[in-house]
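Participant: For reference, the file input11.pdb (PDB, C-alpha atoms) is included below:
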ATOM      1  CA  MET A  14      97.374  25.924  40.833
ATOM      2  CA  ASN A  15     100.449  25.577  38.664
ATOM      3  CA  ILE A  16     102.474  28.787  38.742
ATOM      4  CA  ASN A  17     104.030  29.770  35.431
ATOM      5  CA  VAL A  18     106.497  32.380  36.656
ATOM      6  CA  SER A  19     107.782  33.542  40.027
ATOM      7  CA  VAL A  20     108.881  37.177  39.890
ATOM      8  CA  ILE A  21     111.387  38.027  42.612
ATOM      9  CA  ILE A  22     111.855  41.686  43.566
ATOM     10  CA  PRO A  23     114.561  42.590  46.098
ATOM     11  CA  VAL A  24     113.379  45.627  48.035
ATOM     12  CA  TYR A  25     115.575  48.051  49.927
ATOM     13  CA  ASN A  26     114.423  51.625  50.583
ATOM     14  CA  ALA A  27     112.559  51.783  47.280
ATOM     15  CA  GLU A  28     109.486  53.661  48.498
ATOM     16  CA  LYS A  29     109.757  56.202  45.692
ATOM     17  CA  TYR A  30     109.569  53.616  42.900
ATOM     18  CA  LEU A  31     108.153  50.357  44.229
ATOM     19  CA  ARG A  32     104.456  51.033  43.696
ATOM     20  CA  GLU A  33     104.869  51.765  39.985
ATOM     21  CA  CYS A  34     107.017  48.645  39.587
ATOM     22  CA  LEU A  35     104.492  46.424  41.359
ATOM     23  CA  LYS A  36     101.530  47.823  39.434
ATOM     24  CA  SER A  37     103.296  47.097  36.144
ATOM     25  CA  LEU A  38     103.663  43.453  37.235
ATOM     26  CA  LEU A  39     100.032  43.257  38.299
ATOM     27  CA  ASN A  40      99.168  44.332  34.741
ATOM     28  CA  GLN A  41     100.910  41.360  33.083
ATOM     29  CA  THR A  42      99.092  39.506  30.297
ATOM     30  CA  LEU A  43     100.547  36.172  31.455
ATOM     31  CA  SER A  44      98.280  34.436  33.952
ATOM     32  CA  ASP A  45      99.226  32.302  36.958
ATOM     33  CA  ILE A  46     102.227  34.222  38.227
ATOM     34  CA  GLU A  47     103.420  34.920  41.743
ATOM     35  CA  ILE A  48     105.257  38.036  42.868
ATOM     36  CA  ILE A  49     107.721  37.672  45.713
ATOM     37  CA  LEU A  50     108.748  40.883  47.450
ATOM     38  CA  SER A  51     111.967  40.073  49.290
ATOM     39  CA  ASN A  52     112.378  42.984  51.689
ATOM     40  CA  ASP A  53     116.036  43.471  52.588
ATOM     41  CA  GLY A  54     115.447  45.289  55.877
ATOM     42  CA  SER A  55     114.130  48.535  54.382
ATOM     43  CA  THR A  56     114.115  51.476  56.788
ATOM     44  CA  ASP A  57     111.790  53.709  54.765
ATOM     45  CA  GLY A  58     108.133  53.264  53.866
ATOM     46  CA  SER A  59     108.689  50.809  51.020
ATOM     47  CA  ILE A  60     106.327  48.115  52.309
ATOM     48  CA  PRO A  61     103.670  50.363  53.884
ATOM     49  CA  SER A  62     103.451  52.247  50.584
ATOM     50  CA  ILE A  63     102.218  49.116  48.787
ATOM     51  CA  GLN A  64     100.500  47.265  51.647
ATOM     52  CA  ASP A  65      97.097  47.779  50.006
ATOM     53  CA  LEU A  66      98.312  45.997  46.865
ATOM     54  CA  ILE A  67      99.677  43.118  48.941
ATOM     55  CA  ASP A  68      96.396  42.786  50.851
ATOM     56  CA  SER A  69      94.245  42.795  47.698
ATOM     57  CA  ASN A  70      96.344  40.400  45.587
ATOM     58  CA  ALA A  71      96.766  36.877  46.900
ATOM     59  CA  HIS A  72      99.581  36.090  44.463
ATOM     60  CA  ILE A  73     101.874  38.677  46.084
ATOM     61  CA  LYS A  74     104.097  37.225  48.811
ATOM     62  CA  LEU A  75     106.068  39.360  51.240
ATOM     63  CA  LEU A  76     109.316  37.953  52.585
ATOM     64  CA  GLU A  77     110.935  39.914  55.423
ATOM     65  CA  ASN A  78     114.721  39.666  55.844
ATOM     66  CA  ILE A  79     117.420  41.417  57.814
ATOM     67  CA  ASN A  80     119.609  43.625  55.649
ATOM     68  CA  GLN A  81     122.157  41.383  53.872
ATOM     69  CA  GLY A  82     122.213  42.835  50.364
ATOM     70  CA  ALA A  83     120.298  42.291  47.137
ATOM     71  CA  ALA A  84     121.983  38.984  46.296
ATOM     72  CA  ILE A  85     120.792  37.317  49.504
ATOM     73  CA  ALA A  86     117.346  38.887  49.133
ATOM     74  CA  ARG A  87     117.041  37.347  45.660
ATOM     75  CA  ASN A  88     118.291  33.975  46.912
ATOM     76  CA  LYS A  89     115.720  34.003  49.720
ATOM     77  CA  GLY A  90     113.033  34.605  47.123
ATOM     78  CA  LEU A  91     114.318  31.775  44.965
ATOM     79  CA  GLU A  92     114.192  29.391  47.928
ATOM     80  CA  ILE A  93     110.430  29.824  48.344
ATOM     81  CA  ALA A  94     109.497  30.312  44.676
ATOM     82  CA  GLN A  95     107.005  27.838  43.190
ATOM     83  CA  GLY A  96     106.963  28.921  39.560
ATOM     84  CA  LYS A  97     108.216  26.858  36.650
ATOM     85  CA  TYR A  98     110.317  29.859  35.659
ATOM     86  CA  ILE A  99     112.077  32.629  37.563
ATOM     87  CA  SER A 100     112.216  36.327  36.735
ATOM     88  CA  PHE A 101     114.209  38.912  38.680
ATOM     89  CA  VAL A 102     112.923  42.472  38.512
ATOM     90  CA  ASP A 103     114.480  45.519  40.187
ATOM     91  CA  ALA A 104     112.216  47.578  42.437
ATOM     92  CA  ASP A 105     113.007  50.851  40.657
ATOM     93  CA  ASP A 106     112.182  49.636  37.135
ATOM     94  CA  ILE A 107     108.920  48.822  35.369
ATOM     95  CA  VAL A 108     107.840  46.279  32.751
ATOM     96  CA  LYS A 109     105.377  46.398  29.879
ATOM     97  CA  PRO A 110     102.281  44.127  29.933
ATOM     98  CA  ASP A 111     103.752  41.418  27.658
ATOM     99  CA  PHE A 112     107.117  41.228  29.446
ATOM    100  CA  LEU A 113     106.579  37.836  31.081
ATOM    101  CA  LYS A 114     104.330  36.400  28.382
ATOM    102  CA  GLU A 115     106.875  36.736  25.571
ATOM    103  CA  LEU A 116     109.730  35.284  27.612
ATOM    104  CA  PHE A 117     107.521  32.470  28.924
ATOM    105  CA  GLN A 118     106.292  31.523  25.445
ATOM    106  CA  ALA A 119     109.872  31.399  24.136
ATOM    107  CA  CYS A 120     110.902  29.056  26.961
ATOM    108  CA  GLU A 121     107.875  26.801  26.569
ATOM    109  CA  LYS A 122     108.186  26.539  22.792
ATOM    110  CA  ASP A 123     111.726  25.174  22.876
ATOM    111  CA  ASP A 124     112.009  23.796  26.416
ATOM    112  CA  LEU A 125     114.743  26.306  27.301
ATOM    113  CA  ASP A 126     116.840  26.576  30.434
ATOM    114  CA  LEU A 127     116.952  30.313  29.875
ATOM    115  CA  VAL A 128     115.936  33.026  27.458
ATOM    116  CA  CYS A 129     117.391  36.529  27.337
ATOM    117  CA  GLY A 130     115.535  39.512  25.901
ATOM    118  CA  SER A 131     116.505  43.155  25.679
ATOM    119  CA  PHE A 132     115.430  46.431  27.258
ATOM    120  CA  GLU A 133     114.703  50.111  26.902
ATOM    121  CA  ALA A 134     116.865  52.470  28.960
ATOM    122  CA  ILE A 135     115.586  55.813  30.212
ATOM    123  CA  HIS A 136     118.254  58.236  31.392
ATOM    124  CA  GLY A 137     118.067  60.988  33.981
ATOM    125  CA  ASP A 138     118.092  63.687  31.313
ATOM    126  CA  GLY A 139     115.091  62.129  29.570
ATOM    127  CA  ARG A 140     117.008  60.378  26.788
ATOM    128  CA  GLN A 141     115.664  56.986  25.780
ATOM    129  CA  ASN A 142     117.464  54.250  23.892
ATOM    130  CA  LEU A 143     116.897  50.610  22.998
ATOM    131  CA  MET A 144     119.422  47.794  23.376
ATOM    132  CA  PRO A 145     119.191  46.015  19.980
ATOM    133  CA  ARG A 146     120.264  42.411  19.648
ATOM    134  CA  ASN A 147     122.785  41.415  16.993
ATOM    135  CA  LYS A 148     121.296  39.731  13.932
ATOM    136  CA  GLU A 149     123.804  36.865  14.095
ATOM    137  CA  VAL A 150     122.939  36.216  17.748
ATOM    138  CA  LEU A 151     119.217  36.139  16.946
ATOM    139  CA  GLU A 152     119.677  33.887  13.918
ATOM    140  CA  LEU A 153     121.608  31.312  15.940
ATOM    141  CA  GLY A 154     118.273  30.505  17.586
ATOM    142  CA  VAL A 155     118.220  27.720  20.161
ATOM    143  CA  SER A 156     121.735  26.692  21.147
ATOM    144  CA  ASN A 157     123.705  25.465  24.110
ATOM    145  CA  GLY A 158     124.365  28.337  26.475
ATOM    146  CA  ALA A 159     128.144  28.233  26.174
ATOM    147  CA  GLU A 160     128.105  28.744  22.401
ATOM    148  CA  LEU A 161     125.534  31.530  22.578
ATOM    149  CA  PHE A 162     127.345  33.260  25.435
ATOM    150  CA  LYS A 163     130.642  33.185  23.558
ATOM    151  CA  LEU A 164     129.056  34.671  20.440
ATOM    152  CA  GLN A 165     127.480  37.542  22.371
ATOM    153  CA  ILE A 166     130.815  38.491  23.935
ATOM    154  CA  GLN A 167     132.593  38.321  20.581
ATOM    155  CA  LEU A 168     129.974  40.539  18.942
ATOM    156  CA  HIS A 169     129.804  42.974  21.889
ATOM    157  CA  ASN A 170     126.099  42.187  22.303
ATOM    158  CA  TYR A 171     126.077  40.641  25.777
ATOM    159  CA  ILE A 172     123.580  41.719  28.436
ATOM    160  CA  PRO A 173     124.657  40.610  31.931
ATOM    161  CA  MET A 174     121.735  42.181  33.823
ATOM    162  CA  ILE A 175     119.665  39.372  35.297
ATOM    163  CA  TRP A 176     116.358  41.193  34.876
ATOM    164  CA  ALA A 177     116.637  40.646  31.095
ATOM    165  CA  TYR A 178     116.292  36.864  31.564
ATOM    166  CA  LEU A 179     113.767  34.187  32.324
ATOM    167  CA  TYR A 180     115.247  31.045  33.930
ATOM    168  CA  ARG A 181     113.811  27.574  34.348
ATOM    169  CA  ARG A 182     113.705  27.168  38.124
ATOM    170  CA  GLU A 183     114.746  23.514  38.186
ATOM    171  CA  PHE A 184     117.768  24.344  36.034
ATOM    172  CA  LEU A 185     118.936  26.902  38.605
ATOM    173  CA  LEU A 186     118.343  24.592  41.555
ATOM    174  CA  GLU A 187     119.874  21.481  39.967
ATOM    175  CA  ASN A 188     123.076  23.408  39.219
ATOM    176  CA  ASN A 189     123.148  25.233  42.563
ATOM    177  CA  LEU A 190     123.007  28.563  40.749
ATOM    178  CA  TYR A 191     122.504  31.226  43.375
ATOM    179  CA  LEU A 192     123.781  34.775  43.512
ATOM    180  CA  THR A 193     126.990  35.255  45.472
ATOM    181  CA  ARG A 194     126.505  37.095  48.761
ATOM    182  CA  ASN A 195     128.125  40.481  49.426
ATOM    183  CA  THR A 196     128.615  41.074  45.716
ATOM    184  CA  ILE A 197     128.310  44.533  44.177
ATOM    185  CA  HIS A 198     128.662  43.451  40.543
ATOM    186  CA  GLU A 199     126.290  40.541  41.075
ATOM    187  CA  ASP A 200     124.913  40.416  37.519
ATOM    188  CA  GLU A 201     128.387  40.198  35.981
ATOM    189  CA  GLU A 202     129.306  37.453  38.453
ATOM    190  CA  PHE A 203     126.105  35.419  38.092
ATOM    191  CA  SER A 204     125.291  35.501  34.384
ATOM    192  CA  PRO A 205     128.438  33.825  32.949
ATOM    193  CA  ARG A 206     127.998  30.873  35.310
ATOM    194  CA  VAL A 207     124.406  30.463  34.214
ATOM    195  CA  TRP A 208     125.108  30.761  30.495
ATOM    196  CA  VAL A 209     127.843  28.108  30.316
ATOM    197  CA  LEU A 210     125.776  25.530  32.213
ATOM    198  CA  ALA A 211     122.601  25.986  30.161
ATOM    199  CA  LYS A 212     121.895  23.122  27.745
ATOM    200  CA  LYS A 213     119.306  25.038  25.733
ATOM    201  CA  ALA A 214     119.161  28.821  25.531
ATOM    202  CA  ARG A 215     118.025  31.546  23.199
ATOM    203  CA  VAL A 216     118.188  35.310  22.730
ATOM    204  CA  ILE A 217     115.116  37.205  21.560
ATOM    205  CA  GLU A 218     114.636  40.869  20.766
ATOM    206  CA  ASN A 219     111.980  42.712  22.704
ATOM    207  CA  TYR A 220     111.905  45.915  24.700
ATOM    208  CA  ASN A 221     109.439  45.134  27.447
ATOM    209  CA  TYR A 222     111.754  45.921  30.349
ATOM    210  CA  ILE A 223     112.153  49.620  31.199
ATOM    211  CA  TYR A 224     115.470  50.275  32.907
ATOM    212  CA  TYR A 225     115.679  53.626  34.666
ATOM    213  CA  ARG A 226     119.336  54.608  34.666
ATOM    214  CA  ASN A 227     118.638  57.779  36.638
ATOM    215  CA  HIS A 228     117.774  55.579  39.606
ATOM    216  CA  GLU A 229     121.164  53.860  39.700
ATOM    217  CA  ASN A 230     122.889  53.612  43.023
ATOM    218  CA  SER A 231     126.237  55.409  43.023
ATOM    219  CA  ILE A 232     128.115  52.424  44.521
ATOM    220  CA  ILE A 233     129.027  50.905  41.172
ATOM    221  CA  GLU A 234     129.317  54.187  39.327
ATOM    222  CA  SER A 235     131.830  55.540  41.854
ATOM    223  CA  ARG A 236     134.318  52.755  41.045
ATOM    224  CA  SER A 237     135.288  52.793  44.690
ATOM    225  CA  ASN A 238     137.780  50.569  46.462
ATOM    226  CA  ALA A 239     134.898  48.316  47.497
ATOM    227  CA  SER A 240     133.765  47.945  43.895
ATOM    228  CA  ILE A 241     137.259  47.053  42.698
ATOM    229  CA  ALA A 242     137.752  44.569  45.535
ATOM    230  CA  ASP A 243     134.415  43.030  44.578
ATOM    231  CA  LEU A 244     135.610  42.474  41.013
ATOM    232  CA  GLU A 245     138.816  40.895  42.338
ATOM    233  CA  ASN A 246     136.774  38.461  44.425
ATOM    234  CA  SER A 247     134.583  37.603  41.439
ATOM    235  CA  LEU A 248     137.597  36.940  39.227
ATOM    236  CA  GLN A 249     139.097  34.685  41.879
ATOM    237  CA  GLY A 250     135.796  32.836  42.090
ATOM    238  CA  PHE A 251     135.764  32.482  38.302
ATOM    239  CA  LEU A 252     139.224  30.897  38.389
ATOM    240  CA  GLU A 253     137.923  28.248  40.774
ATOM    241  CA  PHE A 254     134.615  27.746  38.942
ATOM    242  CA  GLN A 255     136.169  27.147  35.522
ATOM    243  CA  GLU A 256     138.314  24.279  36.773
ATOM    244  CA  ASN A 257     135.293  21.935  36.840
ATOM    245  CA  LEU A 258     133.874  22.840  33.431
ATOM    246  CA  GLU A 259     133.872  20.736  30.278
ATOM    247  CA  PHE A 260     136.293  21.807  27.530
ATOM    248  CA  TYR A 261     133.679  23.551  25.367
ATOM    249  CA  GLN A 262     132.348  25.362  28.440
ATOM    250  CA  LYS A 263     135.808  26.483  29.551
ATOM    251  CA  GLN A 264     136.521  28.449  26.412
ATOM    252  CA  ALA A 265     133.154  30.189  26.516
ATOM    253  CA  PHE A 266     133.594  30.962  30.207
ATOM    254  CA  ALA A 267     137.037  32.401  29.469
ATOM    255  CA  TYR A 268     135.289  35.073  27.407
ATOM    256  CA  GLY A 269     133.248  35.908  30.493
ATOM    257  CA  MET A 270     136.453  36.159  32.510
ATOM    258  CA  LEU A 271     137.892  38.523  29.907
ATOM    259  CA  TYR A 272     134.723  40.647  30.077
ATOM    260  CA  LEU A 273     135.041  40.927  33.854
ATOM    261  CA  LEU A 274     138.808  41.494  33.705
ATOM    262  CA  ASP A 275     138.333  44.398  31.297
ATOM    263  CA  HIS A 276     135.891  45.952  33.760
ATOM    264  CA  TYR A 277     138.316  45.434  36.622
ATOM    265  CA  VAL A 278     141.190  47.124  34.788
ATOM    266  CA  TYR A 279     138.949  49.976  33.664
ATOM    267  CA  TYR A 280     137.671  50.676  37.178
ATOM    268  CA  SER A 281     141.145  50.343  38.717
ATOM    269  CA  ARG A 282     142.274  53.481  36.917
ATOM    270  CA  MET A 283     140.415  55.459  39.588
ATOM    271  CA  THR A 284     142.589  54.104  42.418
ATOM    272  CA  LYS A 285     145.739  53.247  40.452
ATOM    273  CA  GLN A 286     145.909  49.933  42.317
ATOM    274  CA  ILE A 287     145.821  46.591  40.585
ATOM    275  CA  ASN A 288     146.415  42.972  41.586
ATOM    276  CA  LYS A 289     149.066  41.804  39.133
ATOM    277  CA  LYS A 290     149.149  38.272  40.535
ATOM    278  CA  LEU A 291     145.434  37.920  39.887
ATOM    279  CA  ILE A 292     145.799  39.286  36.364
ATOM    280  CA  LYS A 293     148.626  36.825  35.702
ATOM    281  CA  ASN A 294     146.455  33.908  36.841
ATOM    282  CA  VAL A 295     143.523  35.017  34.703
ATOM    283  CA  TRP A 296     145.892  35.682  31.793
ATOM    284  CA  SER A 297     147.055  32.055  31.918
ATOM    285  CA  VAL A 298     143.471  30.842  31.517
ATOM    286  CA  LEU A 299     142.777  33.270  28.681
ATOM    287  CA  ILE A 300     145.924  32.214  26.820
ATOM    288  CA  ALA A 301     145.169  28.522  27.314
ATOM    289  CA  ASN A 302     141.704  29.015  25.829
ATOM    290  CA  LYS A 303     142.935  31.241  22.970
ATOM    291  CA  VAL A 304     140.449  34.061  23.513
ATOM    292  CA  LEU A 305     142.789  37.062  23.330
ATOM    293  CA  THR A 306     143.377  39.182  20.235
ATOM    294  CA  GLY A 307     146.838  40.554  19.495
ATOM    295  CA  ARG A 308     145.832  43.944  20.877
ATOM    296  CA  GLN A 309     144.502  42.370  24.062
ATOM    297  CA  LYS A 310     147.687  40.361  24.539
ATOM    298  CA  PHE A 311     149.737  43.558  24.254
ATOM    299  CA  LYS A 312     147.434  45.357  26.706
ATOM    300  CA  TYR A 313     147.733  42.763  29.449
ATOM    301  CA  ARG A 314     151.434  42.159  28.929
ATOM    302  CA  LEU A 315     151.954  45.902  29.416
ATOM    303  CA  ILE A 316     149.802  45.940  32.564
ATOM    304  CA  MET A 317     151.801  43.079  34.069
ATOM    305  CA  LEU A 318     155.132  44.688  33.153
ATOM    306  CA  ASN A 319     154.461  48.382  33.837
ATOM    307  CA  THR A 320     151.037  49.340  35.119
ATOM    308  CA  ASN A 321     151.860  53.036  35.450
ATOM    309  CA  LEU A 322     152.892  53.208  31.807
ATOM    310  CA  TYR A 323     149.620  51.563  30.822
ATOM    311  CA  TYR A 324     147.622  54.139  32.803
ATOM    312  CA  LEU A 325     149.654  56.934  31.229
ATOM    313  CA  LEU A 326     148.998  55.653  27.714
ATOM    314  CA  GLN A 327     145.285  55.320  28.476
ATOM    315  CA  LYS A 328     145.171  58.915  29.696
ATOM    316  CA  TYR A 329     146.951  60.080  26.523
ATOM    317  CA  GLU A 330     144.511  58.153  24.292
ATOM    318  CA  ARG A 331     141.527  59.815  25.964
TER     319      ARG A 331
END
Could you show the structure in this file as structure tokens?
Facilitator:
Amino acid sequence: MNINVSVIIPVYNAEKYLRECLKSLLNQTLSDIEIILSNDGSTDGSIPSIQDLIDSNAHIKLLENINQGAAIARNKGLEIAQGKYISFVDADDIVKPDFLKELFQACEKDDLDLVCGSFEAIHGDGRQNLMPRNKEVLELGVSNGAELFKLQIQLHNYIPMIWAYLYRREFLLENNLYLTRNTIHEDEEFSPRVWVLAKKARVIENYNYIYYRNHENSIIESRSNASIADLENSLQGFLEFQENLEFYQKQAFAYGMLYLLDHYVYYSRMTKQINKKLIKNVWSVLIANKVLTGRQKFKYRLIMLNTNLYYLLQKYER
């Protein structure tokens, strides 16, 4: 049997949510899919809670791993996946019945390396909101990934979360595109690399992925020292990665570096510690690729000259 899509779900202590997630995938309108549960050493009842679903559905595969983090769990799933396309779904979210079908049809129609959709977010207080896609991004249609990535950043319409995408498996494998181990901000680190290497990509507007924000782990939200160090490591990795890109890819990737740098500076306000040498190195790339506005140039010059003054001005603005 030819498998259309391999859905990879990293599982770690998700007993409370996993069954609803898995049932939503079993209800997909797209046929010939496989679901890979990559268990990252869960210590709760995550797997026992859905063992009956595993036993009664031959297209569900269970992969047991020692605890190494979600990135490695996803990579382990990718290594055994057989589908033409890859989807990553989080264990505490759910998807609507046409989630895979619409992404799959978009990829098949235009022979895409990747397609990115949208999502509906549900907050802890019950609020719901959709993530609309920019009209200009949608109208660009099929394009090389670098151009489409750059446009999304410029229009503030970029979605880094990997569960919003469908990837052609051979494209990921041929370009050695795996998630980086021990990474907290793994989506922000992975997605720019994928976008700039894609030859054919597209953004579509649908809301078939339900993202439960009330289930978020506090690691990222706390903006802890570990989170900031993680962003530093990702930026250093970006500096190395961009050296081997083609010219048109470098400029687009520089926008991804700026996106990550903005996050790093924002989170660093919690600890009042910042790596000026790293910022200077990233700054050089951003200047060379002409991606900074006048306001952004002023912001990063000030950070490099007097970080405390920058933090003070930010506090005054708020």
Participant: To verify the selection step, state as a VMD selection string which residues the PyMOL selection byres ((chain A and resi 79-89) around 8) yields on this input.
Facilitator: chain A and resid 21 to 25 51 to 55 77 to 78 90 to 93 101 191 to 196 199
Participant: For the provided coordinates, the residues matched by the PyMOL selection byres ((chain A and resi 298) around 12) should be stated as a ChimeraX atom specification.
Facilitator: /A:248-249,251-256,263-271,274,291-297,299-305
Participant: Report as a CSV table (one decimal) with C-alpha atoms, in the frame of the given file all protein, DNA and RNA residues lying within 6 Å of stretch 121-134 of chain A, evaluated on only C-alpha atoms, omitting residues in the same chain fewer than 2 positions from it.
Facilitator:
chain,number,residue,atom,x,y,z
A,118,GLN,CA,106.3,31.5,25.4
A,119,ALA,CA,109.9,31.4,24.1
A,141,GLN,CA,115.7,57.0,25.8
A,142,ASN,CA,117.5,54.2,23.9
A,143,LEU,CA,116.9,50.6,23.0
A,144,MET,CA,119.4,47.8,23.4
A,177,ALA,CA,116.6,40.6,31.1
A,178,TYR,CA,116.3,36.9,31.6
A,179,LEU,CA,113.8,34.2,32.3
A,180,TYR,CA,115.2,31.0,33.9
A,181,ARG,CA,113.8,27.6,34.3
A,211,ALA,CA,122.6,26.0,30.2
A,213,LYS,CA,119.3,25.0,25.7
A,214,ALA,CA,119.2,28.8,25.5
A,215,ARG,CA,118.0,31.5,23.2
A,216,VAL,CA,118.2,35.3,22.7
A,217,ILE,CA,115.1,37.2,21.6
A,218,GLU,CA,114.6,40.9,20.8
A,219,ASN,CA,112.0,42.7,22.7
A,220,TYR,CA,111.9,45.9,24.7
A,222,TYR,CA,111.8,45.9,30.3
A,223,ILE,CA,112.2,49.6,31.2
A,224,TYR,CA,115.5,50.3,32.9
A,225,TYR,CA,115.7,53.6,34.7
Participant: Decode the PyMOL selection byres ((chain A and resi 104-113) around 8) for the given file into explicit residues and return them as a PyMOL selection string.
Facilitator: chain A and resi 18+22-24+27+30-31+33-35+37-38+40-43+102-103+114-117+221-225+228
Participant: Rounded to one decimal in Å, what is the spacing between atom CA of A:Glu201 and atom CA of A:Leu326?
Facilitator: 27.1 Å
Participant: So how many Å separate atom CA of A:Leu318 and atom CA of A:Thr284, to one decimal?
Facilitator: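 Computing it gives 18.2 Å between the two atoms.
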